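Notes to accompany the following structure.
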Amino acid sequence: MFTPKGSMYPSGRPRPGSRSGTPLSGARRGPGTPLLASRLKAGLNTPVSRSQVLETTGSHVAAVWGSSLPVTVTEVLTLSSDCAGEVTVSLGRNGWAWLVSGRRLVIWRYRAGGGRAQCRELSLPPSDLAHRAELCLVYSQGEGGHTPCCLAVSPEGVVRYWPSIAQEGTSTEISAELGGQECFSVTDIHPVGTLLATTTATLVLIHHTGQSLACRRLAAPSGLLGGLGRRVSSLLWGAMPAGGAGEGRMVSVTAKQSEQDPEDVFLYVLTSNGLQKWQLGVGEPDKLYYECDMASLAREAMWPAWSPQGGEGGGSAAWLRLWLVDLSVSSGGQVAVLVAAVNQHDTSPTVQYGVAQVRTATTAPPIGLSSFCLLPSLSFMLGDGEEPKLFKLVTVGDWAYVYNREGVNMVELTGTEALENKISSHVLGAGQSDDTPLFFSSHHGVVSLSLARPQTPEVSSPSMVSDMNKTSRLCDSLNVSVSAAGLENLTMSESLTDQLKAAFLQFCKRSNAQAEAIVEELFPLEDTVELVDSTLDRLVVGLSKDLIDDFPASDPRWVESLPQSGTVGVGSSMSLLVLHQLEDKLACHQFLITFLKSVGLWPRLAAVTHRSQAMATVVLLSEHAEKTVGAVTLRTIHMDHQAVIDQAIRMCLAEREVTASGNLTDQDHFYREISRIDDIVSSLVGVVRFSVRSDCPREVLATIQSVNTVVITLFKECLASRNKRMIEFMVTTQHEFLPWTSTKRPLLLELVRLTLEQGVGAAEEHSQKVLLYQQVVQLADTVLDGYNGQMDSLKEWPDKMADVERSLARDRSMLVGLLVDRKVYEEAASLAEKYKDWDMLVRICEETNNKDKLEQYMDQYSNTSFSSHVFSWYVKEGKQNRLLSLPKAGRTPELASFLTTHSNISWLHDIHTENYTTASLTLSTMALKEGDILARKKTQLSLAKLTALACEDSETRAQQLAMVDQEMCLVAAQEQLPTQVLGQFGFDRENMRVLSPREMIELYVGEENVEADHIEFKKALDLLNFVNMDEEERNRTWLHIWCRSILRNTWTDIDKDNPIESVRDTVFFRLVEFAFMQGADLTTYLPKPEMILECDELEQLRGDQNFQYLLQTGYEQLQRVCAY
């Protein structure tokens, strides 16, 4: 099939109406080549059967898809072909399509049932430039079957919004305020809103505010500690190119909703500067994770297209001029970028195209391509002043679809040079429905491209088809060796291990029927499966371990070292080079996973005991794959760090008691046993320990830097492999997730400590210290990140979860604190932000005196407990005054809520906010609870009274004042205690504790108060009103006070000749007289003489007739005088 190679737009001609005139921006063309060379020339009004297959290529089937085109759409297409007007079409994922021609916007549902779809037509805003479908968006607000709304932006930036496409007259307009920039596209990022991009790479968020719209520009964080996420990514993974969002030319924008939080959207922006990754969320600040220099990553991959010329005439990849053409994002964060390049030193320059793929699942920028495919069929000679042709890119699974108006190229992304199929058509737009790419043809409407399936036996699910395709490709590249006799011996063996190995080898030789027969005999479906350590699980794990630890089959040096058991190995590699042996083992292990899935064993796997605890079998298989990746990584960087790796390998083998003999080297032995490759981490730390004994600081520094680089690279590649295959190794059984990387935490923590204590001290230059701090951040990030998966697996075990959370908090505080102690604030803040160490963030802001950043954090983390951590930190550090000086008034409710448990300072906040009633209640409550210092209680009562006087509520004010006055009476009673009495009991009047009323009574009437007179006893009687006791106890205390007043005098020495005059001077009767003068009712205030005479305290007096006489005489006189 012939695909025209002319440019989509005339050479050197800017798109009509474009202010920028930028290369690769849109331009008008007439209709291109038809989809089928033998297509019936029946015109656009001829109905098309929806099940019609249009064309079949070697890999795909093109068929008409969805509903028939509405009449209005066919009319617009017919008129546009006659007048050569530009028509653009977009196919939304929600089933709606829209067509733009001039100011006409036609909307219809292409995913509906049979018959022709109904459509609506709207008018776009006036513009001097050409409208495009890329500047329109049809979407639904909320759930349900409501009529969708529509948003359209003119090239100059006028935003027109229709709440319903059924009501054209209800539109509203606002301006995006672009300052003369030309609009490039709009992207659906709901629920956040809609993203408008300009040709000069400005990003504007259009979002709903009630019934209207609002616009704001996206901007990366800035400030002293601003942009820490972006800067620490630079620290961790390498520097980012300079330049902001507005300094490049826009190429493409796409978005993908977060799988963890449906209200978050990941935004991928491709500009001429590189690839940006943003995270936008509802009510969350914009996060720019990084800007990656894609051109630099792709340039080295593109250079082999010119390698013959380069090999003869020299040169390098730096000779290439490279363009970023388009962007597509698939599942798992895999990003594909279409690139074009030309060798600037060629006399007849040829443009080559390729598809570069990078992984963007994490917040760190990619440092290399995951794959690259060259597209030789798209190459063409570039004339003087010409720019590369514009193509668009859609990726689905392992296929990329590169298209322009002249046709679609189907590219399989599984090799370094793609095998392509082509379909020619006049394509006006593209879209995607689930895993089916859709294209809009001016001749057939919506056309789908689906994989052409070969005639194979029926499979159980679509995923099985994908697995079979991968199996076929992997089997072709697999480097497995086993003799026919060896395979027969395995098949006839009585060992279950040998039989499972035979089934796998049969599968490797594509003898699927024999493999399945062996598996069915070994593991019948009716067998009861144990939850842990079943025969199936143990055999599968054993086969996996045997595979990665297998001896090189073709290396003659291993003949004498092969096991004597006669067991036939898998022969996972025929290579003689260690690196290729490791790569073959990695491919063979992947094939083992494919085998387990194909024969139905994968879903039956449960768990095995590993490292003294139950571990999901698929997790252990994943660990084997990760360790194989780690081995490949170590071998790849071995020569760059040969000194430390060789020393660590020798330490590993010494620990294993393995000695290299014959022609085998230490490296041969070490890299052969992949299952124990992680031993290298302990040995590398041991290398550092040994080096610090050296007297040469430069040697210590070089060793630490080298070891850190090796460890970081090892963990980085292993974790990247784990993240890439996370879905493949999804765990169905619930066990604690503690992978091998997490078991190395103590070693990584020791490496951090040694780096800071020994490495930084040995570094003489600032750049050396910066590098060490970067390495510390990466090591700390590895340690802390390992806790996430572990805690996710423990949600059903709260006790274990609590232990792990405490470990995380301890390690997090230690790691971040080490950096803060050394005033490495930005790196410390990046870790504290990522792992939510709120206390450290507050400490950093305090030590840097950055109040604005603290306010920013409180806004950024408003939906967490960050504010409470801020308040608690101030209280813990004794900086309560800072709580009352927080600048933002909006903090008042949060602070008030926090202070409910900190009454000692909450009253200050209440006074500050003029909440005097609450302040008075708080102070009085504090005073009632105060028992340590009397002076403090008095102060609290005084403040409570002052705030009560300021209360507006008169009833509350009266109640508070009454309570305060009562407590102040007790304070006054304690203050009036004689100094001599207080001294006898060890009380200091200045720092006296608060005494209870009962204690004060005893101090007033006790024998120690030798100078007590009737006034002290009256105070004791008054204190009875404040004593909290039952009636019986109160009466005993009341009589006790009167009895103590009697005992103050020696009644036997009183003159009985003048009894009235004699008893008047006793403390008892002076107390009676004083109480009477104070207004007391003696009938209840004074005990009866009979009660007094019955008291045990007066045991020595009550039998004395003189005492009885004098007491009764005194009572008689009282009755006469006082009418008692």
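Convention: chains lettered A, B, ... in structure tokens order; per-chain residue numbering from 1; ligands numbered from 1 as shown.
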- Residue contacts of Phe595 of chain A (7 Å, only C-alpha atoms) excluding same-chain residues fewer than 4 positions away, as a ChimeraX atom specification: /A:504,507,591,599
- Message: At a cut-off of 10 Å, using only C-alpha atoms, what residues contact Gln279 of chain A? Leave out same-chain residues fewer than 3 positions from it and give the result as a PyMOL selection string.
- Response: chain A and resi 255-258+264-268+284-289+363
Give me a file of those residues, with C-alpha atoms, as a CSV table (one decimal), in the first residue's frame.
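Output contents, as saved in again-v1.csv:
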chain,number,residue,atom,x,y,z
A,255,ALA,CA,-3.3,14.0,30.9
A,256,LYS,CA,-3.9,10.8,32.8
A,257,GLN,CA,-6.1,10.4,35.9
A,258,SER,CA,-4.3,9.1,39.1
A,264,ASP,CA,-5.7,14.0,41.0
A,265,VAL,CA,-4.5,14.2,37.4
A,266,PHE,CA,-1.0,13.7,36.1
A,267,LEU,CA,-0.3,16.2,33.3
A,268,TYR,CA,2.4,15.5,30.7
A,284,GLU,CA,-4.3,21.2,45.9
A,285,PRO,CA,-1.4,23.4,44.8
A,286,ASP,CA,0.1,22.7,41.4
A,287,LYS,CA,3.1,20.3,41.5
A,288,LEU,CA,5.8,20.3,38.8
A,289,TYR,CA,7.8,17.2,39.4
A,363,THR,CA,8.1,11.6,40.6
- Pull the alpha helix (DSSP H) assignments for segment 919-1046 of chain A out of DSSP run on the backbone, and list those residues as a VMD selection string. chain A and resid 919 to 929 934 to 949 954 to 975 979 to 984 997 to 1005 1014 to 1023 1031 to 1046
Residue subset to file, keeping C-alpha atoms, as a PDB file, in the first residue's frame:
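Wrote it out as part_38.pdb, contents follow:
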ATOM      1  CA  ALA A 919     -11.318  32.869  78.873  1.00  0.00           C
ATOM      2  CA  SER A 920     -12.920  33.396  82.282  1.00  0.00           C
ATOM      3  CA  LEU A 921     -14.219  29.840  82.433  1.00  0.00           C
ATOM      4  CA  THR A 922     -10.808  28.477  81.432  1.00  0.00           C
ATOM      5  CA  LEU A 923      -8.962  30.536  84.030  1.00  0.00           C
ATOM      6  CA  SER A 924     -11.357  29.625  86.810  1.00  0.00           C
ATOM      7  CA  THR A 925     -11.106  25.950  85.872  1.00  0.00           C
ATOM      8  CA  MET A 926      -7.321  26.195  85.973  1.00  0.00           C
ATOM      9  CA  ALA A 927      -7.502  27.866  89.364  1.00  0.00           C
ATOM     10  CA  LEU A 928      -9.713  25.105  90.756  1.00  0.00           C
ATOM     11  CA  LYS A 929      -7.221  22.499  89.526  1.00  0.00           C
ATOM     12  CA  LEU A 934      -0.970  29.399  95.889  1.00  0.00           C
ATOM     13  CA  ALA A 935       0.296  32.589  94.219  1.00  0.00           C
ATOM     14  CA  ARG A 936      -0.415  31.144  90.785  1.00  0.00           C
ATOM     15  CA  LYS A 937      -3.932  30.240  91.816  1.00  0.00           C
ATOM     16  CA  LYS A 938      -4.491  33.748  93.098  1.00  0.00           C
ATOM     17  CA  THR A 939      -3.257  35.203  89.795  1.00  0.00           C
ATOM     18  CA  GLN A 940      -5.520  32.890  87.810  1.00  0.00           C
ATOM     19  CA  LEU A 941      -8.508  33.866  89.930  1.00  0.00           C
ATOM     20  CA  SER A 942      -7.691  37.541  89.506  1.00  0.00           C
ATOM     21  CA  LEU A 943      -7.498  37.174  85.721  1.00  0.00           C
ATOM     22  CA  ALA A 944     -10.693  35.129  85.727  1.00  0.00           C
ATOM     23  CA  LYS A 945     -12.434  37.949  87.561  1.00  0.00           C
ATOM     24  CA  LEU A 946     -11.136  40.583  85.150  1.00  0.00           C
ATOM     25  CA  THR A 947     -12.262  38.585  82.089  1.00  0.00           C
ATOM     26  CA  ALA A 948     -15.613  37.893  83.768  1.00  0.00           C
ATOM     27  CA  LEU A 949     -16.126  41.632  84.208  1.00  0.00           C
ATOM     28  CA  SER A 954     -24.752  39.422  82.655  1.00  0.00           C
ATOM     29  CA  GLU A 955     -25.906  36.052  83.962  1.00  0.00           C
ATOM     30  CA  THR A 956     -22.614  34.375  83.103  1.00  0.00           C
ATOM     31  CA  ARG A 957     -20.738  37.327  84.542  1.00  0.00           C
ATOM     32  CA  ALA A 958     -22.592  37.055  87.860  1.00  0.00           C
ATOM     33  CA  GLN A 959     -22.000  33.309  88.137  1.00  0.00           C
ATOM     34  CA  GLN A 960     -18.314  33.659  87.399  1.00  0.00           C
ATOM     35  CA  LEU A 961     -17.833  36.506  89.851  1.00  0.00           C
ATOM     36  CA  ALA A 962     -19.561  34.538  92.625  1.00  0.00           C
ATOM     37  CA  MET A 963     -17.386  31.513  92.061  1.00  0.00           C
ATOM     38  CA  VAL A 964     -14.209  33.582  91.893  1.00  0.00           C
ATOM     39  CA  ASP A 965     -15.055  35.451  95.094  1.00  0.00           C
ATOM     40  CA  GLN A 966     -15.620  32.193  96.909  1.00  0.00           C
ATOM     41  CA  GLU A 967     -12.240  30.831  95.825  1.00  0.00           C
ATOM     42  CA  MET A 968     -10.553  34.116  96.711  1.00  0.00           C
ATOM     43  CA  CYS A 969     -11.870  33.724 100.246  1.00  0.00           C
ATOM     44  CA  LEU A 970     -10.017  30.427 100.516  1.00  0.00           C
ATOM     45  CA  VAL A 971      -6.859  32.058  99.169  1.00  0.00           C
ATOM     46  CA  ALA A 972      -7.188  34.843 101.726  1.00  0.00           C
ATOM     47  CA  ALA A 973      -7.709  32.325 104.533  1.00  0.00           C
ATOM     48  CA  GLN A 974      -4.513  30.528 103.596  1.00  0.00           C
ATOM     49  CA  GLU A 975      -2.559  33.760 103.290  1.00  0.00           C
ATOM     50  CA  THR A 979       4.020  32.436 109.742  1.00  0.00           C
ATOM     51  CA  GLN A 980       5.138  30.579 112.854  1.00  0.00           C
ATOM     52  CA  VAL A 981       2.653  27.749 112.173  1.00  0.00           C
ATOM     53  CA  LEU A 982       3.632  27.518 108.499  1.00  0.00           C
ATOM     54  CA  GLY A 983       7.268  27.316 109.434  1.00  0.00           C
ATOM     55  CA  GLN A 984       6.657  24.405 111.806  1.00  0.00           C
ATOM     56  CA  PRO A 997      -9.985  23.849 103.767  1.00  0.00           C
ATOM     57  CA  ARG A 998      -9.673  20.865 106.100  1.00  0.00           C
ATOM     58  CA  GLU A 999      -5.875  21.295 106.259  1.00  0.00           C
ATOM     59  CA  MET A1000      -6.233  25.001 107.006  1.00  0.00           C
ATOM     60  CA  ILE A1001      -8.686  24.253 109.824  1.00  0.00           C
ATOM     61  CA  GLU A1002      -6.125  22.031 111.510  1.00  0.00           C
ATOM     62  CA  LEU A1003      -3.411  24.656 111.113  1.00  0.00           C
ATOM     63  CA  TYR A1004      -5.665  27.268 112.670  1.00  0.00           C
ATOM     64  CA  VAL A1005      -6.838  25.181 115.680  1.00  0.00           C
ATOM     65  CA  HIS A1014     -10.883  33.521 119.069  1.00  0.00           C
ATOM     66  CA  ILE A1015     -10.365  35.103 115.631  1.00  0.00           C
ATOM     67  CA  GLU A1016      -8.351  32.122 114.353  1.00  0.00           C
ATOM     68  CA  PHE A1017     -11.063  29.796 115.602  1.00  0.00           C
ATOM     69  CA  LYS A1018     -13.706  31.913 113.902  1.00  0.00           C
ATOM     70  CA  LYS A1019     -11.755  31.543 110.617  1.00  0.00           C
ATOM     71  CA  ALA A1020     -11.684  27.798 111.155  1.00  0.00           C
ATOM     72  CA  LEU A1021     -15.459  27.750 111.639  1.00  0.00           C
ATOM     73  CA  ASP A1022     -15.892  29.853 108.510  1.00  0.00           C
ATOM     74  CA  LEU A1023     -13.800  27.338 106.515  1.00  0.00           C
ATOM     75  CA  GLU A1031     -23.039  15.872 107.352  1.00  0.00           C
ATOM     76  CA  GLU A1032     -21.717  13.525 110.026  1.00  0.00           C
ATOM     77  CA  GLU A1033     -18.121  14.361 109.274  1.00  0.00           C
ATOM     78  CA  ARG A1034     -18.954  18.045 109.158  1.00  0.00           C
ATOM     79  CA  ASN A1035     -20.537  17.878 112.648  1.00  0.00           C
ATOM     80  CA  ARG A1036     -17.480  16.114 114.051  1.00  0.00           C
ATOM     81  CA  THR A1037     -15.201  18.783 112.628  1.00  0.00           C
ATOM     82  CA  TRP A1038     -17.516  21.513 113.933  1.00  0.00           C
ATOM     83  CA  LEU A1039     -17.384  20.066 117.465  1.00  0.00           C
ATOM     84  CA  HIS A1040     -13.638  19.536 117.095  1.00  0.00           C
ATOM     85  CA  ILE A1041     -13.130  23.285 116.516  1.00  0.00           C
ATOM     86  CA  TRP A1042     -15.248  24.234 119.571  1.00  0.00           C
ATOM     87  CA  CYS A1043     -13.472  21.671 121.712  1.00  0.00           C
ATOM     88  CA  ARG A1044     -10.067  22.983 120.640  1.00  0.00           C
ATOM     89  CA  SER A1045     -11.181  26.496 121.645  1.00  0.00           C
ATOM     90  CA  ILE A1046     -12.134  25.199 125.103  1.00  0.00           C
TER      91      ILE A1046
END
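With only C-alpha atoms as the atoms that count, the minimum distance from Ala356 of chain A to the choices A:Tyr161, A:Gln260, A:Phe380, A:Met294 is reached by A:Met294.
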- Separation of atom CA of Leu196 of chain A from atom CA of Ser252 of chain A in Å: 11.4 Å
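Counting only C-alpha atoms and comparing A:Gln52, A:Ser448, A:Ser622, A:Thr609, the residue that lies closest to His589 of chain A is A:Ser622.
Summary of the local environment: counting only C-alpha atoms, residues at most 10 Å from Leu818 of chain A, other than itself and those fewer than 6 positions away along its chain, are A:Val752, A:Arg753, A:Leu756, A:Val776, A:Arg812, A:Val824, A:Ala828.
Distances here use only C-alpha atoms; by that measure, the residue among A:Leu808, A:Leu684, A:Leu137, A:Val644 closest to Gly92 of chain A is A:Leu137.
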- Item | Length of the atom CA of His444 of chain A to atom CA of Val394 of chain A vector [Å] | 19.7 Å
- With only C-alpha atoms as the basis for distance, which of A:Glu1099, A:Asp435, A:Glu728, A:Glu623 is at the shortest distance from Trp602 of chain A? A:Glu728
- Residue neighbourhood segment 537-551 of chain A, 6 Å, only C-alpha atoms, exclusion window fewer than 6 positions, as a list in words: Lys585, Leu605, Arg672, Glu673 and Ile674 of chain A
Suppose we keep N, CA, C and O atoms; can you now write the selection as an mmCIF file, in the first residue's frame?
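Everything below was put into again.cif:
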data_model
loop_
_atom_site.group_PDB
_atom_site.id
_atom_site.type_symbol
_atom_site.label_atom_id
_atom_site.label_comp_id
_atom_site.auth_asym_id
_atom_site.auth_seq_id
_atom_site.Cartn_x
_atom_site.Cartn_y
_atom_site.Cartn_z
ATOM 1 N N LYS A 585 19.711 -15.081 31.776
ATOM 2 C CA LYS A 585 18.955 -15.550 32.942
ATOM 3 C C LYS A 585 17.730 -14.672 33.186
ATOM 4 O O LYS A 585 16.660 -15.165 33.573
ATOM 5 N N LEU A 605 -0.824 -20.104 42.905
ATOM 6 C CA LEU A 605 0.292 -19.900 43.833
ATOM 7 C C LEU A 605 -0.190 -19.191 45.089
ATOM 8 O O LEU A 605 -0.990 -18.250 45.021
ATOM 9 N N ARG A 672 27.431 -15.927 39.437
ATOM 10 C CA ARG A 672 26.657 -17.131 39.130
ATOM 11 C C ARG A 672 25.484 -17.293 40.092
ATOM 12 O O ARG A 672 24.379 -17.624 39.704
ATOM 13 N N GLU A 673 25.694 -17.019 41.372
ATOM 14 C CA GLU A 673 24.664 -17.255 42.403
ATOM 15 C C GLU A 673 23.859 -15.976 42.614
ATOM 16 O O GLU A 673 24.064 -15.231 43.578
ATOM 17 N N ILE A 674 22.911 -15.760 41.735
ATOM 18 C CA ILE A 674 22.151 -14.500 41.752
ATOM 19 C C ILE A 674 21.256 -14.396 42.979
ATOM 20 O O ILE A 674 21.021 -13.291 43.488
#
- Query: So how far away is atom CA of Cys652 of chain A from atom CA of His669 of chain A, in Å?
  - Reply: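 Rounded to one decimal, the two atoms are 10.3 Å apart.
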